[in-house]
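Q: Quick one: this structure, given as structure tokens, is what I'll be asking you about.
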Amino acid sequence: MSTERVVLLGTKGGPAIRPGSPMPTATLLQLGGATVLIDAGLGAARGLCDAGVALTALDAIVITHLHSDHYLELGPLLHTAWTAGLKRPVPVIGPEGLATYWQGFLASMDFDIALRQRDEGRPPLAPLADIRVIGEDQAIGPLALRAMRNVHPPIEDSYALRVDHAGRAVVISGDTAPMPEMVDFARGADVLVHEAMLEAGIDALCARVGNGDDRLRVHLERSHSPAGAVARIASEAGVGQLALNHMIPVDDPAFGPADWEAAIRPHWPGPLTLGGDGAEIPLPAAAKAA
Ligand SMILES: [Zn+2]
Ligand SMILES: [Zn+2]
């Protein structure tokens, strides 16, 4: 029986990294024999290898939206999988615009790609990304994938994902403000991986990395979810476990696990994974009848 699990490969909200900080968003899902990467922020390839997953083993990649912290490493990841021996196309499912990104990446690496094809006998790289525009319902091998548009202005093409297989379900919120629809979308899921923001940490963050006006704060407050609201969604949806990712702030020494617990625990008493790159969440076994 193959491992069935969710691994949080990158748990930091936003694109910047600093000494000691975790990496931007990427999540590994292994379920029903399928291996899926959800989002490919910087560090995704390293994270997969650290989780023991060969880059050539990916059955699909899903990108929730086109903020760089969710797809900056998509091209480099596929290129690296290619140099590691990838020979079959990998479905890459995401918003409109991914095809343009992929063409641009290929163009930027044209010298190297052509050289490796000629010099090392590698297959053409371009067709190895089988780019598909995300729809409401689609299959990834044995998995049923549902996408729900979430609330992440100013981006409209931004999605929460639900993957179901043999009575198990994993829901990934994507980047979103709290939305009542998430409760039904995540209903009964074994694991809800939800983005979260610690409101008390926003002032310090804006002072540190903001641009001197309030645009960063306005973006954060209308496009992301306070941890307490996330905890209430998990409770109302009756999920089995709550895991936080895309945590903001995450590299401010003034805020640690106790602050996250203080925000979450009044509303969510169940199993909680507080982010952390490499954190692994095992999934329950499939129902016998499935
Ligand atoms: Zn993000
Ligand atoms: Zn985003």
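We name chains A, B, ... following the order of the structure tokens; residues begin at 1 in each chain, and ligands are numbered from 1 as shown.
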Find the residues near A:Ile233: any atom within 8 Å, counting only C-alpha atoms, skip ones fewer than 2 places away on the same chain, and give them as a count of residues only.

A: 9

Q: From a backbone DSSP assignment, name each residue in stretch 1-75 of chain A labelled alpha helix (DSSP H), as a list in words.

A: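 Alpha helix (DSSP H) members of stretch 1-75 of chain A, listed: Ala44, Ala45, Arg46, Gly47, Leu48, Cys49, Asp50, Ser68, Asp69, His70, Tyr71, Leu74 and Gly75 of chain A.
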
Q: Return as an MDAnalysis selection string the residues of protein, DNA or RNA that approach ligand 2 to within 9 Å, with only C-alpha atoms and all ligand atoms taken into account.

A: chainID A and resid 13:14 64:70 152:153 155 158 174:176 223:224

Q: Selected residues, N, CA, C and O atoms, written as an mmCIF file, in the first residue's frame, please.

A:
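Okay, this is what ended up in result_18.cif:
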```cif
data_model
loop_
_atom_site.group_PDB
_atom_site.id
_atom_site.type_symbol
_atom_site.label_atom_id
_atom_site.label_comp_id
_atom_site.auth_asym_id
_atom_site.auth_seq_id
_atom_site.Cartn_x
_atom_site.Cartn_y
_atom_site.Cartn_z
ATOM 1 N N GLY A 13 3.316 32.418 3.698
ATOM 2 C CA GLY A 13 2.513 33.277 2.844
ATOM 3 C C GLY A 13 3.397 34.336 2.216
ATOM 4 O O GLY A 13 4.218 34.935 2.894
ATOM 5 N N GLY A 14 3.225 34.552 0.918
ATOM 6 C CA GLY A 14 3.982 35.608 0.236
ATOM 7 C C GLY A 14 5.291 35.098 -0.327
ATOM 8 O O GLY A 14 5.793 34.047 0.065
ATOM 9 N N THR A 64 -3.253 26.980 -7.931
ATOM 10 C CA THR A 64 -4.513 27.591 -7.469
ATOM 11 C C THR A 64 -4.743 28.983 -8.041
ATOM 12 O O THR A 64 -5.887 29.384 -8.247
ATOM 13 N N HIS A 65 -3.672 29.749 -8.270
ATOM 14 C CA HIS A 65 -3.811 31.088 -8.856
ATOM 15 C C HIS A 65 -2.432 31.613 -9.210
ATOM 16 O O HIS A 65 -1.418 31.053 -8.782
ATOM 17 N N LEU A 66 -2.431 32.687 -9.993
ATOM 18 C CA LEU A 66 -1.167 33.158 -10.551
ATOM 19 C C LEU A 66 -0.547 34.290 -9.736
ATOM 20 O O LEU A 66 -0.200 35.350 -10.273
ATOM 21 N N HIS A 67 -0.387 34.089 -8.451
ATOM 22 C CA HIS A 67 0.527 34.887 -7.627
ATOM 23 C C HIS A 67 1.836 34.099 -7.584
ATOM 24 O O HIS A 67 1.829 32.874 -7.404
ATOM 25 N N SER A 68 2.947 34.828 -7.677
ATOM 26 C CA SER A 68 4.230 34.144 -7.862
ATOM 27 C C SER A 68 4.552 33.152 -6.752
ATOM 28 O O SER A 68 5.209 32.139 -6.992
ATOM 29 N N ASP A 69 4.067 33.424 -5.531
ATOM 30 C CA ASP A 69 4.398 32.492 -4.441
ATOM 31 C C ASP A 69 3.707 31.138 -4.610
ATOM 32 O O ASP A 69 3.936 30.225 -3.814
ATOM 33 N N HIS A 70 2.902 30.998 -5.689
ATOM 34 C CA HIS A 70 2.218 29.724 -5.950
ATOM 35 C C HIS A 70 2.677 29.042 -7.238
ATOM 36 O O HIS A 70 2.305 27.901 -7.482
ATOM 37 N N HIS A 152 -10.144 36.216 -3.541
ATOM 38 C CA HIS A 152 -8.757 36.653 -3.449
ATOM 39 C C HIS A 152 -8.508 37.844 -4.374
ATOM 40 O O HIS A 152 -7.690 37.783 -5.282
ATOM 41 N N PRO A 153 -9.252 38.938 -4.139
ATOM 42 C CA PRO A 153 -9.084 40.098 -5.014
ATOM 43 C C PRO A 153 -7.660 40.660 -4.936
ATOM 44 O O PRO A 153 -7.031 40.542 -3.880
ATOM 45 N N ILE A 155 -7.346 39.192 -7.846
ATOM 46 C CA ILE A 155 -7.340 38.062 -8.771
ATOM 47 C C ILE A 155 -8.711 37.387 -8.753
ATOM 48 O O ILE A 155 -9.221 37.059 -7.681
ATOM 49 N N SER A 158 -8.960 32.443 -9.007
ATOM 50 C CA SER A 158 -8.275 31.892 -7.847
ATOM 51 C C SER A 158 -9.197 30.846 -7.237
ATOM 52 O O SER A 158 -10.407 31.067 -7.128
ATOM 53 N N GLY A 174 -6.573 27.413 -0.868
ATOM 54 C CA GLY A 174 -5.948 28.433 -1.699
ATOM 55 C C GLY A 174 -5.854 29.727 -0.915
ATOM 56 O O GLY A 174 -6.115 29.758 0.301
ATOM 57 N N ASP A 175 -5.482 30.802 -1.601
ATOM 58 C CA ASP A 175 -5.432 32.107 -0.936
ATOM 59 C C ASP A 175 -6.827 32.700 -0.981
ATOM 60 O O ASP A 175 -7.368 32.932 -2.062
ATOM 61 N N THR A 176 -7.387 32.979 0.167
ATOM 62 C CA THR A 176 -8.766 33.492 0.164
ATOM 63 C C THR A 176 -9.105 34.218 1.451
ATOM 64 O O THR A 176 -8.566 33.898 2.512
ATOM 65 N N SER A 223 -8.069 39.913 1.224
ATOM 66 C CA SER A 223 -7.766 38.754 0.384
ATOM 67 C C SER A 223 -7.317 37.527 1.173
ATOM 68 O O SER A 223 -7.070 36.483 0.578
ATOM 69 N N HIS A 224 -7.173 37.667 2.474
ATOM 70 C CA HIS A 224 -6.666 36.548 3.279
ATOM 71 C C HIS A 224 -7.547 36.341 4.510
ATOM 72 O O HIS A 224 -8.408 37.157 4.811
#
```

Q: Do a neighbour search on A:Phe185 at 12 Å with only C-alpha atoms, toss out local chain neighbours closer than 5 positions, and write the hits as a list in words.

A: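 In the requested format, the answer is Leu145, Arg146, Ala147, Met148, Arg149, Asn150, Tyr159, Ala160, Leu161, Arg162, Val163, Asp164, Ala169, Val170, Val171, Ile172, Ser173, Met179, Pro180, Leu192, Ile233, Ala234, Glu236, Ala237, Gly238 and Val239 of chain A.
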
Q: Please dump the current selection as a PDB file, in the first residue's frame; keep C-alpha atoms.

A:
```
ATOM      1  CA  LEU A 145     -10.871  17.149  -8.283  1.00  0.00           C
ATOM      2  CA  ARG A 146     -13.329  19.958  -7.616  1.00  0.00           C
ATOM      3  CA  ALA A 147     -12.396  23.596  -7.870  1.00  0.00           C
ATOM      4  CA  MET A 148     -14.339  26.452  -6.314  1.00  0.00           C
ATOM      5  CA  ARG A 149     -13.581  30.079  -7.093  1.00  0.00           C
ATOM      6  CA  ASN A 150     -12.480  31.668  -3.819  1.00  0.00           C
ATOM      7  CA  TYR A 159      -9.473  28.558  -6.546  1.00  0.00           C
ATOM      8  CA  ALA A 160     -10.015  26.355  -3.539  1.00  0.00           C
ATOM      9  CA  LEU A 161      -9.581  22.665  -4.312  1.00  0.00           C
ATOM     10  CA  ARG A 162     -11.241  19.516  -3.035  1.00  0.00           C
ATOM     11  CA  VAL A 163      -9.884  16.071  -3.849  1.00  0.00           C
ATOM     12  CA  ASP A 164     -12.033  13.016  -3.115  1.00  0.00           C
ATOM     13  CA  ALA A 169     -11.299  14.020   1.069  1.00  0.00           C
ATOM     14  CA  VAL A 170      -8.686  16.728   1.285  1.00  0.00           C
ATOM     15  CA  VAL A 171      -9.531  20.403   0.864  1.00  0.00           C
ATOM     16  CA  ILE A 172      -7.057  23.169   0.136  1.00  0.00           C
ATOM     17  CA  SER A 173      -8.396  26.692   0.602  1.00  0.00           C
ATOM     18  CA  MET A 179     -15.978  32.603   2.701  1.00  0.00           C
ATOM     19  CA  PRO A 180     -19.160  30.944   3.986  1.00  0.00           C
ATOM     20  CA  LEU A 192      -8.595  21.010   5.575  1.00  0.00           C
ATOM     21  CA  ILE A 233     -14.831  27.295   9.200  1.00  0.00           C
ATOM     22  CA  ALA A 234     -13.081  24.055  10.217  1.00  0.00           C
ATOM     23  CA  GLU A 236     -18.636  24.293  11.037  1.00  0.00           C
ATOM     24  CA  ALA A 237     -17.452  22.022   8.218  1.00  0.00           C
ATOM     25  CA  GLY A 238     -16.770  19.192  10.660  1.00  0.00           C
ATOM     26  CA  VAL A 239     -13.391  18.355   9.171  1.00  0.00           C
TER      27      VAL A 239
END
```

Q: Fewer than 4 positions away in the same chain doesn't count, so skip those; otherwise give me all residues within 12 Å of A:Ala262, counting only C-alpha atoms, as a list in words.

A: Leu198, Glu199, Ala200, Ala227, Gly228, Ala231, Phe255, Gly256, Pro257, Ala258, Pro266, His267, Trp268, Pro269 and Leu274 of chain A

Q: Generate the output file for the selected residues, all heavy atoms, as a compact mmCIF listing (two decimals), in the first residue's frame.

A:
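The resulting again.txt:
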```txt
# COMPACT_ATOMS: atom_id res chain seq x y z
N LEU A 198 -2.36 36.00 11.07
CA LEU A 198 -2.47 36.41 12.47
C LEU A 198 -2.62 37.92 12.48
O LEU A 198 -1.66 38.64 12.18
CB LEU A 198 -1.20 35.97 13.18
CG LEU A 198 -1.23 35.65 14.66
CD1 LEU A 198 -2.36 34.70 15.02
CD2 LEU A 198 0.11 35.06 15.06
N GLU A 199 -3.82 38.38 12.83
CA GLU A 199 -4.07 39.82 12.69
C GLU A 199 -3.09 40.67 13.48
O GLU A 199 -2.65 41.72 13.02
CB GLU A 199 -5.51 40.13 13.10
CG GLU A 199 -6.50 39.69 12.03
CD GLU A 199 -7.92 39.67 12.54
OE1 GLU A 199 -8.21 38.91 13.48
OE2 GLU A 199 -8.73 40.43 12.01
N ALA A 200 -2.71 40.17 14.66
CA ALA A 200 -1.80 40.95 15.50
C ALA A 200 -0.44 41.13 14.83
O ALA A 200 0.30 42.07 15.16
CB ALA A 200 -1.63 40.26 16.84
N ALA A 227 -6.90 33.89 11.42
CA ALA A 227 -6.84 32.52 11.94
C ALA A 227 -8.12 32.12 12.67
O ALA A 227 -8.57 30.97 12.55
CB ALA A 227 -5.62 32.38 12.86
N GLY A 228 -8.73 33.04 13.38
CA GLY A 228 -9.95 32.72 14.11
C GLY A 228 -11.08 32.32 13.17
O GLY A 228 -11.85 31.39 13.43
N ALA A 231 -10.53 28.83 11.93
CA ALA A 231 -10.90 27.85 12.95
C ALA A 231 -12.40 27.63 12.97
O ALA A 231 -12.87 26.49 13.09
CB ALA A 231 -10.41 28.33 14.32
N PHE A 255 6.18 36.48 16.93
CA PHE A 255 4.97 35.66 16.87
C PHE A 255 5.32 34.20 16.67
O PHE A 255 6.06 33.86 15.75
CB PHE A 255 4.05 36.14 15.75
CG PHE A 255 3.57 37.55 15.96
CD1 PHE A 255 4.24 38.62 15.38
CD2 PHE A 255 2.47 37.80 16.78
CE1 PHE A 255 3.80 39.93 15.60
CE2 PHE A 255 2.04 39.10 17.01
CZ PHE A 255 2.71 40.17 16.42
N GLY A 256 4.83 33.34 17.54
CA GLY A 256 5.15 31.92 17.46
C GLY A 256 3.92 31.04 17.62
O GLY A 256 2.79 31.55 17.61
N PRO A 257 4.12 29.75 17.81
CA PRO A 257 3.01 28.81 17.90
C PRO A 257 1.97 29.19 18.96
O PRO A 257 0.77 28.98 18.75
CB PRO A 257 3.71 27.50 18.28
CG PRO A 257 5.09 27.63 17.72
CD PRO A 257 5.44 29.09 17.83
N ALA A 258 2.42 29.76 20.08
CA ALA A 258 1.46 30.10 21.14
C ALA A 258 0.46 31.15 20.65
O ALA A 258 -0.73 31.11 21.02
CB ALA A 258 2.20 30.62 22.37
N PRO A 266 -9.89 28.83 20.62
CA PRO A 266 -11.25 29.12 21.09
C PRO A 266 -12.33 28.58 20.15
O PRO A 266 -13.47 28.38 20.55
CB PRO A 266 -11.29 30.65 21.13
CG PRO A 266 -9.86 31.07 21.25
CD PRO A 266 -9.06 30.04 20.50
N HIS A 267 -11.98 28.34 18.88
CA HIS A 267 -13.00 27.96 17.89
C HIS A 267 -12.79 26.57 17.32
O HIS A 267 -13.66 26.04 16.64
CB HIS A 267 -13.03 28.98 16.74
CG HIS A 267 -13.01 30.40 17.20
ND1 HIS A 267 -14.11 30.98 17.81
CD2 HIS A 267 -12.05 31.35 17.17
CE1 HIS A 267 -13.81 32.24 18.12
NE2 HIS A 267 -12.57 32.48 17.76
N TRP A 268 -11.61 26.00 17.50
CA TRP A 268 -11.30 24.69 16.91
C TRP A 268 -10.54 23.83 17.92
O TRP A 268 -9.34 24.02 18.14
CB TRP A 268 -10.47 24.85 15.63
CG TRP A 268 -9.93 23.54 15.11
CD1 TRP A 268 -8.62 23.12 15.17
CD2 TRP A 268 -10.64 22.48 14.48
NE1 TRP A 268 -8.49 21.87 14.61
CE2 TRP A 268 -9.73 21.45 14.18
CE3 TRP A 268 -11.99 22.30 14.15
CZ2 TRP A 268 -10.11 20.26 13.56
CZ3 TRP A 268 -12.36 21.12 13.52
CH2 TRP A 268 -11.43 20.13 13.24
N PRO A 269 -11.23 22.85 18.53
CA PRO A 269 -10.57 22.01 19.54
C PRO A 269 -9.89 20.78 18.95
O PRO A 269 -9.21 20.05 19.66
CB PRO A 269 -11.75 21.57 20.41
CG PRO A 269 -12.94 21.57 19.47
CD PRO A 269 -12.67 22.62 18.43
N LEU A 274 0.21 23.23 12.71
CA LEU A 274 0.52 24.65 12.57
C LEU A 274 1.61 24.85 11.53
O LEU A 274 2.73 25.26 11.85
CB LEU A 274 0.98 25.21 13.91
CG LEU A 274 -0.12 25.59 14.89
CD1 LEU A 274 0.47 26.00 16.21
CD2 LEU A 274 -1.00 26.70 14.32
```

Q: So that I can see what lies close to stretch 75-92 of chain A, please list as a VMD selection string the residues with an atom at most 10 Å from it, counting only C-alpha atoms and leaving out residues fewer than 6 positions away in the same chain.

A: chain A and resid 36 to 38 40 to 46 48 54 to 63 98 to 99 101 to 106 109 113 116 120 122 to 134 140

Q: Calculate how many Å separate atom CA of A:Pro15 from atom CA of A:His219, rounding to one decimal.

A: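 We find that atom CA of A:Pro15 and atom CA of A:His219 lie 14.3 Å from each other.
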